[in-house]
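Colleague: Below is the file protein-v3.txt, with compact mmCIF, C-alpha atoms.
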```
# COMPACT_ATOMS: atom_id res chain seq x y z
CA MET A 763 -41.55 203.46 194.06
CA ARG A 764 -40.69 206.73 192.38
CA TRP A 765 -37.56 207.38 190.36
CA ILE A 766 -36.43 210.23 192.59
CA TRP A 767 -32.89 209.84 193.78
CA ILE A 768 -32.53 213.10 195.71
CA ASP A 769 -34.52 213.99 198.83
CA ARG A 770 -34.09 217.74 199.08
CA ILE A 771 -32.21 220.61 197.47
CA GLU A 772 -30.23 222.40 200.16
CA GLU A 773 -28.50 225.11 198.14
CA PHE A 774 -29.31 226.56 194.74
CA GLU A 775 -27.49 229.31 192.91
CA PRO A 776 -29.20 229.77 189.52
CA ARG A 777 -26.99 229.12 186.48
CA HIS A 778 -24.08 228.15 188.73
CA ARG A 779 -24.42 225.52 191.44
CA ALA A 780 -26.81 223.21 193.29
CA LEU A 781 -26.45 220.96 196.33
CA ALA A 782 -28.90 218.15 197.04
CA VAL A 783 -29.18 215.62 199.85
CA LYS A 784 -29.97 211.91 199.56
CA ASN A 785 -30.52 209.79 202.65
CA VAL A 786 -29.81 206.08 202.13
CA SER A 787 -32.42 203.98 203.91
CA LEU A 788 -32.76 200.27 204.58
CA ALA A 789 -36.45 200.75 203.68
CA GLU A 790 -35.40 201.08 200.03
CA GLU A 791 -36.51 197.91 198.28
CA HIS A 792 -33.58 197.54 195.86
CA LEU A 793 -31.00 197.44 198.64
CA HIS A 794 -32.29 194.02 199.65
CA ASP A 795 -31.27 192.71 196.25
CA HIS A 796 -28.02 194.71 196.20
CA TRP A 797 -27.18 192.76 198.18
CA SER A 798 -29.20 190.79 200.69
CA ALA A 799 -26.20 189.94 202.89
CA TYR A 800 -24.62 193.38 202.61
CA PRO A 801 -26.77 196.25 201.32
CA VAL A 802 -24.78 198.79 199.31
CA MET A 803 -26.07 201.89 197.49
CA PRO A 804 -25.50 201.19 193.77
CA THR A 805 -23.06 203.56 192.08
CA SER A 806 -25.41 203.89 189.12
CA LEU A 807 -28.07 205.39 191.42
CA MET A 808 -25.59 207.88 192.83
CA ILE A 809 -24.80 208.90 189.26
CA GLU A 810 -28.56 209.24 188.68
CA GLY A 811 -28.87 211.41 191.80
CA MET A 812 -26.15 213.67 190.44
CA ALA A 813 -27.91 213.71 187.08
CA GLN A 814 -31.14 214.81 188.75
CA THR A 815 -29.37 217.56 190.70
CA GLY A 816 -27.49 218.76 187.63
CA GLY A 817 -30.53 218.38 185.41
CA ILE A 818 -32.63 220.69 187.60
CA LEU A 819 -29.79 223.22 187.66
CA VAL A 820 -29.41 223.14 183.87
CA GLY A 821 -33.17 223.11 183.28
CA GLN A 822 -33.74 226.11 185.53
CA ALA A 823 -31.01 227.98 183.66
CA CYS A 824 -33.38 228.16 180.69
CA ASP A 825 -36.46 228.63 182.96
CA PHE A 826 -37.52 225.05 182.26
CA ALA A 827 -38.34 225.95 178.65
CA HIS A 828 -36.84 222.62 177.53
CA ASP A 829 -36.86 219.11 178.88
CA VAL A 830 -33.28 218.34 179.88
CA VAL A 831 -31.96 214.80 179.51
CA LEU A 832 -28.69 213.18 180.52
CA ALA A 833 -26.62 212.76 177.36
CA LYS A 834 -23.16 211.65 178.45
CA ILE A 835 -21.35 210.48 181.57
CA THR A 836 -17.77 211.47 180.81
CA ARG A 837 -16.29 210.40 184.11
CA ALA A 838 -17.52 208.79 187.32
CA ASP A 839 -14.94 207.81 189.93
CA PHE A 840 -15.82 206.59 193.42
CA SER A 841 -13.44 205.87 196.26
CA ASP A 842 -15.74 204.35 198.87
CA ILE A 843 -18.97 202.40 199.29
CA VAL A 844 -22.22 203.80 200.72
CA VAL A 845 -24.48 201.86 203.09
CA PRO A 846 -27.88 202.39 204.78
CA GLY A 847 -27.74 205.20 207.33
CA ASP A 848 -25.27 207.23 205.27
CA GLN A 849 -26.21 210.69 204.06
CA LEU A 850 -25.07 211.66 200.59
CA THR A 851 -24.79 215.13 199.13
CA TYR A 852 -24.55 215.81 195.41
CA GLU A 853 -22.94 219.11 194.48
CA ALA A 854 -23.28 220.07 190.81
CA VAL A 855 -21.43 223.03 189.31
CA ILE A 856 -22.11 224.19 185.75
CA GLU A 857 -18.96 224.25 183.63
CA ASN A 858 -20.48 224.97 180.21
CA LEU A 859 -23.93 226.22 179.30
CA ALA A 860 -24.98 226.53 175.66
CA ASP A 861 -28.32 226.51 173.83
CA GLU A 862 -28.14 222.87 172.83
CA ALA A 863 -26.19 221.30 175.71
CA ALA A 864 -24.55 221.83 179.09
CA SER A 865 -21.85 220.14 181.14
CA ILE A 866 -21.46 219.89 184.90
CA LYS A 867 -18.79 218.79 187.32
CA GLY A 868 -20.19 216.90 190.29
CA THR A 869 -18.84 216.05 193.75
CA VAL A 870 -20.40 213.27 195.82
CA ARG A 871 -19.92 213.38 199.59
CA LYS A 872 -20.78 210.71 202.12
CA ASN A 873 -21.37 212.10 205.62
CA GLY A 874 -19.31 215.15 204.62
CA GLN A 875 -16.38 213.30 203.03
CA VAL A 876 -15.70 213.42 199.29
CA ILE A 877 -16.13 209.94 197.83
CA GLY A 878 -16.95 210.62 194.20
CA GLU A 879 -16.23 212.89 191.23
CA ILE A 880 -18.57 212.88 188.25
CA THR A 881 -18.48 214.80 184.96
CA MET A 882 -21.59 214.69 182.79
CA MET A 883 -23.37 216.40 179.90
CA PHE A 884 -27.02 217.20 179.31
CA SER A 885 -28.89 218.08 176.18
CA HIS A 886 -32.37 219.37 175.47
CA ALA A 887 -34.95 216.81 174.37
CA ASN A 888 -37.17 217.76 171.49
CA ASN A 889 -40.68 216.42 171.30
CA SER A 890 -39.43 213.73 168.99
CA LEU A 891 -36.04 212.33 169.97
CA ALA A 892 -34.68 209.65 167.65
CA GLY A 893 -38.17 208.98 166.43
CA LEU A 894 -39.73 208.60 169.89
CA GLU A 895 -42.75 210.71 170.77
CA LEU A 896 -42.11 212.34 174.12
CA PRO A 897 -44.81 214.06 176.15
CA GLU A 898 -44.20 217.75 176.60
CA GLY A 899 -42.80 218.86 179.92
CA PHE A 900 -42.15 215.39 181.28
CA VAL A 901 -39.10 216.16 183.39
CA PHE A 902 -39.69 219.14 185.64
CA THR A 903 -42.98 218.20 187.24
CA GLY A 904 -44.17 217.22 190.69
CA SER A 905 -41.40 216.53 193.19
CA PHE A 906 -38.57 218.10 191.20
CA GLN A 907 -40.58 221.27 190.71
CA ARG A 908 -41.51 221.46 194.42
CA MET A 909 -37.87 220.98 195.44
CA VAL A 910 -36.54 223.94 193.51
CA GLU A 911 -39.47 226.38 193.80
CA PRO A 912 -38.51 227.82 197.23
CA PHE A 913 -35.15 228.94 195.87
CA LEU A 914 -36.70 230.62 192.87
CA GLU A 915 -39.30 232.45 195.00
CA GLN A 916 -36.47 233.77 197.18
CA SER A 917 -34.54 235.13 194.25
CA ASN A 918 -37.68 236.86 193.01
CA ASP A 919 -38.11 238.77 196.32
CA MET B 919 0.24 233.44 172.36
CA PRO B 920 1.71 231.53 169.39
CA MET B 921 2.12 227.75 169.74
CA SER B 922 4.00 225.18 167.68
CA GLU B 923 2.05 222.47 165.87
CA GLN B 924 3.50 219.84 168.22
CA GLU B 925 2.28 221.75 171.27
CA VAL B 926 -1.15 222.16 169.71
CA PHE B 927 -1.28 218.47 168.75
CA GLU B 928 -0.44 217.40 172.30
CA LYS B 929 -3.19 219.56 173.75
CA VAL B 930 -5.71 218.30 171.18
CA GLN B 931 -4.62 214.74 171.93
CA GLU B 932 -5.20 215.24 175.66
CA THR B 933 -8.60 216.82 174.97
CA LEU B 934 -9.71 213.86 172.87
CA VAL B 935 -8.42 211.32 175.41
CA GLU B 936 -10.51 213.01 178.12
CA ALA B 937 -13.62 213.56 176.01
CA LEU B 938 -13.72 210.19 174.25
CA GLY B 939 -12.13 207.88 176.82
CA VAL B 940 -9.57 206.56 174.32
CA ASP B 941 -5.85 205.89 174.87
CA ASP B 942 -3.38 208.52 173.71
CA ASP B 943 -1.74 206.14 171.24
CA GLU B 944 -5.08 205.85 169.43
CA VAL B 945 -5.14 209.62 168.84
CA THR B 946 -2.96 209.89 165.73
CA PRO B 947 -3.23 212.81 163.25
CA GLU B 948 -5.02 210.68 160.65
CA ALA B 949 -7.48 209.07 163.07
CA THR B 950 -11.11 209.90 162.25
CA LEU B 951 -13.24 211.11 165.14
CA THR B 952 -16.29 208.95 164.45
CA GLY B 953 -14.73 205.94 162.70
CA ASP B 954 -11.52 205.40 164.64
CA LEU B 955 -12.26 207.16 167.93
CA GLY B 956 -15.96 206.36 168.31
CA ALA B 957 -17.20 209.95 168.72
CA GLU B 958 -20.95 210.65 168.63
CA SER B 959 -22.83 213.94 168.28
CA ILE B 960 -22.78 214.80 171.99
CA ASP B 961 -19.01 214.20 171.97
CA PHE B 962 -18.57 216.87 169.28
CA LEU B 963 -20.07 219.45 171.64
CA ASP B 964 -17.95 218.16 174.53
CA ILE B 965 -14.85 218.53 172.33
CA VAL B 966 -15.81 222.13 171.42
CA PHE B 967 -16.30 223.08 175.10
CA ARG B 968 -12.94 221.57 176.06
CA LEU B 969 -11.03 223.13 173.15
CA GLU B 970 -12.44 226.57 174.08
CA LYS B 971 -11.12 226.12 177.60
CA THR B 972 -7.77 224.55 176.64
CA PHE B 973 -6.84 227.14 174.03
CA ASP B 974 -8.76 230.08 175.55
CA ILE B 975 -10.62 230.64 172.27
CA LYS B 976 -14.24 231.06 171.22
CA ILE B 977 -15.58 228.52 168.73
CA PRO B 978 -18.81 229.78 167.11
CA ARG B 979 -21.35 226.97 166.51
CA GLY B 980 -20.76 225.37 163.13
CA GLU B 981 -17.26 226.78 162.61
CA LEU B 982 -15.25 223.70 163.60
CA PHE B 983 -17.92 221.13 162.72
CA PRO B 984 -20.22 222.70 160.07
CA ASP B 985 -23.92 221.88 160.21
CA ASN B 986 -26.76 222.75 157.79
CA ILE B 987 -25.00 221.32 154.75
CA LEU B 988 -26.79 217.97 154.52
CA ASN B 989 -30.26 219.41 154.98
CA ASN B 990 -29.89 221.89 152.12
CA PRO B 991 -31.28 220.36 148.87
CA GLU B 992 -28.97 222.54 146.72
CA PHE B 993 -25.97 220.85 148.26
CA VAL B 994 -26.94 217.19 148.15
CA SER B 995 -28.09 215.07 145.21
CA ASP B 996 -28.35 211.25 144.98
CA GLY B 997 -26.39 210.74 148.15
CA LYS B 998 -23.45 212.90 147.07
CA LEU B 999 -22.53 216.53 147.56
CA THR B 1000 -23.18 218.71 144.50
CA ASP B 1001 -20.43 221.02 143.21
CA ALA B 1002 -22.16 223.83 145.09
CA GLY B 1003 -22.25 221.69 148.22
CA LEU B 1004 -18.58 220.78 147.98
CA THR B 1005 -17.59 224.42 147.39
CA GLN B 1006 -19.67 225.53 150.36
CA LEU B 1007 -18.17 222.85 152.60
CA LYS B 1008 -14.61 223.73 151.56
CA GLU B 1009 -15.31 227.38 152.38
CA ARG B 1010 -16.71 226.43 155.79
CA MET B 1011 -13.84 224.01 156.52
CA PRO B 1012 -10.49 225.50 155.43
CA HIS B 1013 -8.98 223.38 158.22
CA ALA B 1014 -9.90 220.05 156.55
CA ASP B 1015 -8.11 218.00 153.88
CA PHE B 1016 -10.49 217.34 150.96
CA SER B 1017 -8.07 215.44 148.68
CA ASP B 1018 -9.69 212.03 149.36
CA PHE B 1019 -13.27 213.14 149.88
CA GLU B 1020 -13.55 215.20 146.69
CA GLN B 1021 -12.75 212.10 144.56
CA ASP B 1022 -16.09 210.68 145.74
CA PRO B 1023 -18.13 213.18 147.78
CA ASP B 1024 -20.48 210.54 149.17
CA ILE B 1025 -22.38 212.02 152.12
CA ASN B 1026 -21.85 208.80 154.07
CA LYS B 1027 -18.12 209.47 153.89
CA MET B 1028 -18.34 213.03 155.15
CA ALA B 1029 -17.49 211.99 158.68
CA GLU B 1030 -14.03 210.96 157.43
CA LEU B 1031 -13.22 214.66 156.97
CA PHE B 1032 -13.23 215.05 160.71
CA LYS B 1033 -9.79 213.80 161.67
CA VAL B 1034 -7.55 214.72 164.58
CA GLN B 1035 -5.40 216.75 162.16
CA THR B 1036 -8.52 218.74 161.17
CA ILE B 1037 -8.87 219.91 164.77
CA VAL B 1038 -5.13 220.63 165.04
CA ASN B 1039 -5.29 222.77 161.89
CA TYR B 1040 -8.30 224.66 163.22
CA ALA B 1041 -6.70 225.30 166.61
CA MET B 1042 -3.43 226.42 164.97
CA GLY B 1043 -5.40 228.98 162.97
CA LYS B 1044 -7.20 230.32 166.03
CA VAL B 1045 -4.21 230.41 168.34
CA ASN B 1046 -1.65 231.72 165.89
CA GLY B 1047 -4.02 234.19 164.22
```
If you took the structure in this file and wrote it as structure tokens, what would it be?
Modeller:
Amino acid sequence: MRWIWIDRIEEFEPRHRALAVKNVSLAEEHLHDHWSAYPVMPTSLMIEGMAQTGGILVGQACDFAHDVVLAKITRADFSDIVVPGDQLTYEAVIENLADEAASIKGTVRKNGQVIGEITMMFSHANNSLAGLELPEGFVFTGSFQRMVEPFLEQSND
Amino acid sequence: MPMSEQEVFEKVQETLVEALGVDDDEVTPEATLTGDLGAESIDFLDIVFRLEKTFDIKIPRGELFPDNILNNPEFVSDGKLTDAGLTQLKERMPHADFSDFEQDPDINKMAELFKVQTIVNYAMGKVNG
């Protein structure tokens, strides 16, 4: 499997806001362990989906010059569970954008209803973070790049 | 708009409760950000963003929490701040209380300068001009 927890970006306003969709499917392997009798989308993976949406938004704000990593989850409150067949949307709005870090406020909706509020912070990874050697440009490749490109081509027209 | 120290303290307290996930009775004036309240480097930036919004002020990078002191060889020697380093730090942080730290300016104890009261003093200065 791939660690991609959003399926498509629906709306993208550079340096401001992004909305992504995630369809929850019974074909997803982990749901059969979480849990076999009653599959439920793990909250941690919804937080990851929001992090991916927000991370693309923050990364694009500096034209992907830096690799953006999730640095802090300040708040994550959920009011309902999510099961196979549900469609999630992750709406990320930039609250602060600085050279070294950014913060977003996120709203999670299940089939159009708000079920979660998340606040998180991102920072820019250097090639060597806490002594680890990181490959250059490891975040915004492949699927994430393809998801956001159409919106950037439009704004260039 | 001028604010009293109590008003400023209450807003700083609320900011730290939200940013650090601590209870409000833990946020006392003498509490240290890293030691008592568990703040890490990303939290310092979160605190700056929130203070800017709460008090409607601009906080230039390095003004509230100075950087570039420890990596300057003129300012650090044998694990302690030199006289030049201490002078520089005092100039950069008029909002901090150096009475304990200057007895033994061990760089490992520098984090103890960053107390809740330090932030209150800084915000008072910015808000009341």
Colleague: Chain A residues within 8 Å of chain B, counting all atoms listed in the file: which ones, as a short mmCIF file (atom, residue, chain, number, x, y, z; two decimals) with C-alpha atoms, in the frame of the given file?
Modeller:
```
data_model
loop_
_atom_site.label_atom_id
_atom_site.label_comp_id
_atom_site.auth_asym_id
_atom_site.auth_seq_id
_atom_site.Cartn_x
_atom_site.Cartn_y
_atom_site.Cartn_z
CA ALA A 833 -26.62 212.76 177.36
CA LYS A 834 -23.16 211.65 178.45
CA THR A 836 -17.77 211.47 180.81
CA ASN A 858 -20.48 224.97 180.21
CA ALA A 863 -26.19 221.30 175.71
CA SER A 865 -21.85 220.14 181.14
CA MET A 883 -23.37 216.40 179.90
#
```
Colleague: Hey, which of A:Phe902, A:Tyr852, A:Trp797, A:Phe774 ends up closest to Val831 in chain A? Count all atoms listed in the file.
Modeller: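 Of all the options, A:Phe902 lies closest to Val831 in chain A.
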Colleague: Could you state the separation of CA of His794 in chain A and CA of Val845 in chain A in Å, given to one decimal place?
Modeller: 11.6 Å
Colleague: Would you mind reading off the distance between CA of Met1028 in chain B and CA of Lys998 in chain B, one decimal, in Å?
Modeller: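 Going from CA of Met1028 in chain B over to CA of Lys998 in chain B, I get 9.6 Å.
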Colleague: Can you work out the spacing between CA of Glu879 in chain A and CA of Ile818 in chain A in Å, to one decimal?
Modeller: 18.5 Å
Colleague: May I ask which of the residues A:Gly878, A:Gly904, A:Gly816, A:Gly847 is the closest one to Arg777 in chain A, counting all atoms listed in the file?
Modeller: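 The closest residue to Arg777 in chain A is A:Gly816.
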Colleague: When distances are computed from all atoms listed in the file, which of A:Ala887, A:Leu914, A:Ala780, A:Ile877 shows the smallest separation from Gln814 in chain A?
Modeller: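 The shortest atom-to-atom distance to Gln814 in chain A comes from A:Ala780.
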Colleague: Return the single residue from B:Ala949, B:Leu934, B:Val994, B:Ile977 that is closest to Ile965 in chain B, with distances computed using all atoms listed in the file.
Modeller: B:Leu934
Colleague: Select, from B:Val935, B:Val930, B:Met921, B:Ile1025, the residue with the minimum atom-to-atom distance to Asp996 in chain B, counting all atoms listed in the file.
Modeller: B:Ile1025
Colleague: Using only C-alpha atoms, which residue out of A:Ser787, A:Ser798, A:Thr805, A:Thr815 lies closest to Phe884 in chain A?
Modeller: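 Of A:Ser787, A:Ser798, A:Thr805, A:Thr815, the one nearest Phe884 in chain A, counting only C-alpha atoms, is A:Thr815.
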Colleague: Select, counting all atoms listed in the file, all protein, DNA and RNA residues no farther than 12 Å from (-3.4, 217.0, 162.9) in file coordinates, and express the selection as a PyMOL selection string.
Modeller: chain B and resi 923-931+945-951+1013-1015+1031-1042
Colleague: List the spatial neighbours of Met909 in chain A as a list in words - criterion: any atom at most 10 Å away, only C-alpha atoms, same-chain residues fewer than 4 positions off excluded.
Modeller: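 The filter keeps Ile768, Asp769, Arg770, Ile771, Glu772, Ala782, Ile818, Gly904, Ser905 and Phe913 of chain A.
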